[in-house]
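Containing compact mmCIF, C-alpha atoms: protein28.txt.
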# COMPACT_ATOMS: atom_id res chain seq x y z
CA MET A 1 16.22 7.42 -16.06
CA ASN A 2 12.55 7.68 -17.01
CA GLN A 3 10.33 4.65 -16.55
CA HIS A 4 8.73 3.15 -19.64
CA PRO A 5 5.12 4.38 -20.00
CA VAL A 6 3.89 0.76 -20.13
CA LYS A 7 5.49 0.10 -16.74
CA LEU A 8 3.73 3.19 -15.38
CA GLN A 9 0.40 1.92 -16.76
CA ILE A 10 0.95 -1.46 -15.09
CA GLU A 11 1.73 0.26 -11.78
CA ARG A 12 -1.44 2.31 -12.21
CA ALA A 13 -3.43 -0.86 -12.93
CA ASP A 14 -1.99 -2.67 -9.90
CA LYS A 15 -2.96 0.26 -7.64
CA ALA A 16 -6.45 0.36 -9.13
CA ILE A 17 -6.91 -3.39 -8.59
CA VAL A 18 -5.83 -3.13 -4.95
CA ALA A 19 -8.06 -0.07 -4.40
CA GLU A 20 -10.92 -1.72 -6.33
CA ASP A 21 -11.12 1.41 -8.46
CA PHE A 22 -12.59 -0.28 -11.51
CA ASP A 23 -13.25 2.97 -13.38
CA VAL A 24 -9.54 3.81 -13.41
CA LEU A 25 -8.72 0.19 -14.21
CA MET A 26 -10.98 0.12 -17.28
CA ASP A 27 -9.21 3.23 -18.64
CA ILE A 28 -6.07 1.10 -18.97
CA TYR A 29 -7.68 -1.49 -21.29
CA THR A 30 -8.55 -1.34 -24.99
CA ASP A 31 -12.25 -1.71 -25.82
CA ASP A 32 -11.71 -5.25 -27.18
CA SER A 33 -9.09 -6.41 -24.68
CA VAL A 34 -8.82 -9.96 -23.33
CA LEU A 35 -8.30 -10.89 -19.67
CA VAL A 36 -7.34 -14.43 -18.73
CA VAL A 37 -9.54 -14.93 -15.67
CA GLU A 38 -8.09 -18.39 -15.14
CA PRO A 39 -6.65 -20.96 -17.54
CA GLY A 40 -9.45 -21.90 -19.92
CA ARG A 41 -11.65 -18.87 -19.12
CA ASN A 42 -11.29 -15.41 -20.62
CA ALA A 43 -13.20 -12.16 -20.28
CA VAL A 44 -13.41 -10.14 -23.51
CA GLY A 45 -14.17 -6.42 -23.65
CA LYS A 46 -14.30 -3.86 -20.89
CA SER A 47 -17.74 -4.87 -19.62
CA GLU A 48 -16.77 -8.52 -19.09
CA ILE A 49 -13.37 -7.55 -17.69
CA ARG A 50 -14.93 -5.20 -15.15
CA LYS A 51 -17.36 -7.93 -14.03
CA ALA A 52 -14.44 -10.36 -13.75
CA PHE A 53 -12.42 -7.97 -11.59
CA GLU A 54 -15.44 -7.30 -9.38
CA ALA A 55 -15.83 -11.07 -8.87
CA ILE A 56 -12.07 -11.49 -8.29
CA ALA A 57 -12.23 -8.79 -5.58
CA VAL A 58 -15.00 -10.69 -3.79
CA TYR A 59 -13.12 -14.00 -4.20
CA PHE A 60 -10.08 -12.45 -2.51
CA LYS A 61 -12.31 -11.07 0.27
CA ASN A 62 -11.70 -7.51 -0.97
CA GLY A 63 -8.05 -7.79 0.03
CA LEU A 64 -6.27 -8.68 -3.21
CA GLN A 65 -2.71 -7.39 -3.36
CA VAL A 66 -0.86 -7.19 -6.70
CA GLU A 67 2.68 -6.09 -7.44
CA GLN A 68 5.41 -6.73 -9.97
CA ASN A 69 8.70 -8.37 -9.01
CA GLY A 70 10.67 -7.81 -12.20
CA MET A 71 9.60 -6.91 -15.71
CA GLU A 72 10.92 -6.82 -19.28
CA ILE A 73 9.24 -4.76 -21.98
CA LEU A 74 9.85 -5.55 -25.65
CA GLU A 75 8.56 -2.71 -27.82
CA SER A 76 8.03 -2.53 -31.58
CA VAL A 77 6.47 0.68 -32.93
CA ASP A 78 2.97 0.59 -31.37
CA THR A 79 3.02 -2.84 -29.67
CA ALA A 80 4.72 -3.87 -26.46
CA LEU A 81 5.10 -7.37 -25.05
CA VAL A 82 5.55 -7.41 -21.29
CA LEU A 83 7.02 -10.36 -19.40
CA ALA A 84 6.58 -9.91 -15.68
CA ASN A 85 6.85 -11.68 -12.36
CA THR A 86 3.46 -10.77 -10.95
CA VAL A 87 2.99 -11.37 -7.23
CA ILE A 88 -0.54 -11.80 -5.88
CA SER A 89 -1.82 -12.41 -2.37
CA GLY A 90 -4.90 -11.88 -0.28
CA PRO A 91 -6.38 -12.63 3.13
CA GLY A 92 -6.18 -16.39 3.64
CA PHE A 93 -4.42 -16.91 0.29
CA PRO A 94 -0.73 -17.74 -0.06
CA THR A 95 1.53 -15.31 -1.87
CA THR A 96 1.97 -16.55 -5.43
CA GLU A 97 4.34 -15.35 -8.13
CA ARG A 98 3.14 -15.83 -11.70
CA LYS A 99 5.14 -15.51 -14.92
CA ALA A 100 2.73 -13.07 -16.54
CA THR A 101 2.47 -12.00 -20.17
CA TYR A 102 0.82 -8.74 -21.17
CA VAL A 103 0.37 -7.02 -24.54
CA PHE A 104 -0.01 -3.25 -24.79
CA ASN A 105 -0.86 -1.20 -27.87
CA LYS A 106 -0.25 2.50 -28.33
CA SER A 107 -3.47 4.37 -29.05
CA PRO A 108 -3.64 7.04 -31.78
CA GLY A 109 -3.31 9.58 -28.94
CA GLY A 110 -0.04 7.97 -27.82
CA ILE A 111 -1.40 6.26 -24.68
CA TRP A 112 -0.35 2.65 -24.04
CA LEU A 113 -3.39 0.44 -23.38
CA CYS A 114 -3.55 -3.22 -22.40
CA SER A 115 -5.04 -5.46 -25.08
CA ILE A 116 -4.10 -8.84 -23.52
CA ASP A 117 -3.83 -9.39 -19.76
CA ASN A 118 -2.55 -12.88 -19.02
CA SER A 119 -1.21 -13.04 -15.48
CA TYR A 120 -0.97 -16.83 -15.83
CA GLY A 121 1.57 -16.72 -18.68
CA HIS A 122 2.38 -20.15 -20.07
CA GLU A 123 0.17 -21.89 -17.49
CA ILE A 124 -2.72 -21.43 -19.92
CA ILE A 125 -1.17 -23.89 -22.35
CA SER A 126 -3.10 -27.14 -22.24
CA LYS A 127 -1.03 -30.14 -21.28
CA ASN A 128 -3.31 -32.36 -23.37
CA PRO A 129 -2.64 -32.67 -27.13
When written as structure tokens, how does the structure in this file appear?
Amino acid sequence: MNQHPVKLQIERADKAIVAEDFDVLMDIYTDDSVLVVEPGRNAVGKSEIRKAFEAIAVYFKNGLQVEQNGMEILESVDTALVLANTVISGPGFPTTERKATYVFNKSPGGIWLCSIDNSYGHEIISKNP
């Protein structure tokens, strides 16, 4: 059985994050994509997202590890919602599994690109009314 192209893009992104290959990583995002850096703080657009990932790499002492531990992809025409168990770790940091939410859109050329990268999932919802 063939893997969904969105899953392949996520695997490619995870490898690029671990390798700190930010050029490859930026090819996976739309020009106007949104990255949840942490709850309450987003990076918008490839330039901000690249800077955020560069800072994240330093924060994790250039040893960030990312992998997926289960994923569901809900696809409708040119949009895909991804629900994933994203596992992150790094030197001196405990392994953490997040209930991530990603949105991918199919480009006119048929390539799936990430438009929303929210590894925190529902954690971004404010607990204050």
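The space separating CA of Val18 (chain A) from CA of Ala57 (chain A) comes to 8.6 Å.
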Could you give me, as a ChimeraX atom specification, the residues within 12 Å of Gln3 (chain A), counting all atoms listed in the file and dropping anything in the same chain fewer than 3 positions from it? /A:6-11,71-73
A:Asp78, A:Ile124, A:Asp31, A:Val87 ranked by distance to Gly110 (chain A), top pick (using all atoms listed in the file):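 Once distances to Gly110 (chain A) are computed over all atoms listed in the file, the minimum belongs to A:Asp78.
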Around the point (1.1, -3.8, -9.5) in the file's coordinates, collect all residues with an atom within 12 Å, using all atoms listed in the file, and return them as a PyMOL selection string. chain A and resi 6-19+25+64-71+84-89+100+119
Filtering to C-alpha atoms, could you give me those residues as a PDB file, in the frame of the given file?
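Generated output (out.pdb):
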ATOM      1  CA  VAL A   6       3.890   0.760 -20.130  1.00  0.00           C
ATOM      2  CA  LYS A   7       5.490   0.100 -16.740  1.00  0.00           C
ATOM      3  CA  LEU A   8       3.730   3.190 -15.380  1.00  0.00           C
ATOM      4  CA  GLN A   9       0.400   1.920 -16.760  1.00  0.00           C
ATOM      5  CA  ILE A  10       0.950  -1.460 -15.090  1.00  0.00           C
ATOM      6  CA  GLU A  11       1.730   0.260 -11.780  1.00  0.00           C
ATOM      7  CA  ARG A  12      -1.440   2.310 -12.210  1.00  0.00           C
ATOM      8  CA  ALA A  13      -3.430  -0.860 -12.930  1.00  0.00           C
ATOM      9  CA  ASP A  14      -1.990  -2.670  -9.900  1.00  0.00           C
ATOM     10  CA  LYS A  15      -2.960   0.260  -7.640  1.00  0.00           C
ATOM     11  CA  ALA A  16      -6.450   0.360  -9.130  1.00  0.00           C
ATOM     12  CA  ILE A  17      -6.910  -3.390  -8.590  1.00  0.00           C
ATOM     13  CA  VAL A  18      -5.830  -3.130  -4.950  1.00  0.00           C
ATOM     14  CA  ALA A  19      -8.060  -0.070  -4.400  1.00  0.00           C
ATOM     15  CA  LEU A  25      -8.720   0.190 -14.210  1.00  0.00           C
ATOM     16  CA  LEU A  64      -6.270  -8.680  -3.210  1.00  0.00           C
ATOM     17  CA  GLN A  65      -2.710  -7.390  -3.360  1.00  0.00           C
ATOM     18  CA  VAL A  66      -0.860  -7.190  -6.700  1.00  0.00           C
ATOM     19  CA  GLU A  67       2.680  -6.090  -7.440  1.00  0.00           C
ATOM     20  CA  GLN A  68       5.410  -6.730  -9.970  1.00  0.00           C
ATOM     21  CA  ASN A  69       8.700  -8.370  -9.010  1.00  0.00           C
ATOM     22  CA  GLY A  70      10.670  -7.810 -12.200  1.00  0.00           C
ATOM     23  CA  MET A  71       9.600  -6.910 -15.710  1.00  0.00           C
ATOM     24  CA  ALA A  84       6.580  -9.910 -15.680  1.00  0.00           C
ATOM     25  CA  ASN A  85       6.850 -11.680 -12.360  1.00  0.00           C
ATOM     26  CA  THR A  86       3.460 -10.770 -10.950  1.00  0.00           C
ATOM     27  CA  VAL A  87       2.990 -11.370  -7.230  1.00  0.00           C
ATOM     28  CA  ILE A  88      -0.540 -11.800  -5.880  1.00  0.00           C
ATOM     29  CA  SER A  89      -1.820 -12.410  -2.370  1.00  0.00           C
ATOM     30  CA  ALA A 100       2.730 -13.070 -16.540  1.00  0.00           C
ATOM     31  CA  SER A 119      -1.210 -13.040 -15.480  1.00  0.00           C
TER      32      SER A 119
END
Give me, please, the distance in Å between CA of Cys114 (chain A) and CA of Asp21 (chain A), quoted to one decimal.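 For CA of Cys114 (chain A) relative to CA of Asp21 (chain A), the distance reads 16.5 Å.
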Please enclose the listed atoms of region 76-93 of chain A in an axis-aligned box, pad each side by 8 Å, and write out the centre and the three edge lengths in Å, rounded to one decimal, as lines of an AutoDock Vina configuration file.
center_x = 0.8
center_y = -8.1
center_z = -14.6
size_x = 30.4
size_y = 33.6
size_z = 52.6
Any idea what the distance is between CA of Asp117 (chain A) and CA of Leu35 (chain A)?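 CA of Leu35 (chain A) lies at a distance of 4.7 Å from CA of Asp117 (chain A).
Nearest residue to His4 (chain A) among A:Phe93, A:Ile125, A:Arg41, A:Val82 is A:Val82, counting only C-alpha atoms.
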Pick from A:Pro5, A:Thr101, A:Lys51, A:Ala43 nearest to Asp23 (chain A), counting only C-alpha atoms: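 Using only C-alpha atoms, Asp23 (chain A) sits closest to A:Lys51.
Proximity to Ala52 (chain A) was assessed for A:Trp112, A:Phe104, A:Phe22, A:Tyr120 counting only C-alpha atoms; the smallest distance is recorded for A:Phe22.
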Pull the neighbourhood of (-10.1, -9.5, -31.2) for me: all residues within 10 Å in file coordinates, counting all atoms listed in the file, as a list in words.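 Protein, DNA and RNA residues close to (-10.1, -9.5, -31.2): Asp31, Asp32, Ser33, Val34, Val44, Gly45, Ser115 and Ile116 of chain A.
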Convert the current residue selection to file output with C-alpha atoms, as a JSON list (two decimals), in the coordinates of the input.
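Final output, again_23.json:
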[["chain", "number", "residue", "atom", "x", "y", "z"],
["A", 31, "ASP", "CA", -12.25, -1.71, -25.82],
["A", 32, "ASP", "CA", -11.71, -5.25, -27.18],
["A", 33, "SER", "CA", -9.09, -6.41, -24.68],
["A", 34, "VAL", "CA", -8.82, -9.96, -23.33],
["A", 44, "VAL", "CA", -13.41, -10.14, -23.51],
["A", 45, "GLY", "CA", -14.17, -6.42, -23.65],
["A", 115, "SER", "CA", -5.04, -5.46, -25.08],
["A", 116, "ILE", "CA", -4.10, -8.84, -23.52]]
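Ranking A:Thr96, A:Ser107, A:Thr30, A:Asn42 by their shortest atom-to-atom distance to Val77 (chain A), with only C-alpha atoms included, puts A:Ser107 first.
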Excluding Arg50 (chain A) and any residue of its chain fewer than 3 positions from it, enumerate the residues within 8 Å of it, using only C-alpha atoms, and give them as a PyMOL selection string. chain A and resi 22+26+46-47+53-54
Residue nearest Val103 (chain A) among A:Tyr29, A:Glu20, A:Pro91, A:Glu123 (counting only C-alpha atoms):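 The shortest atom-to-atom distance to Val103 (chain A) comes from A:Tyr29.
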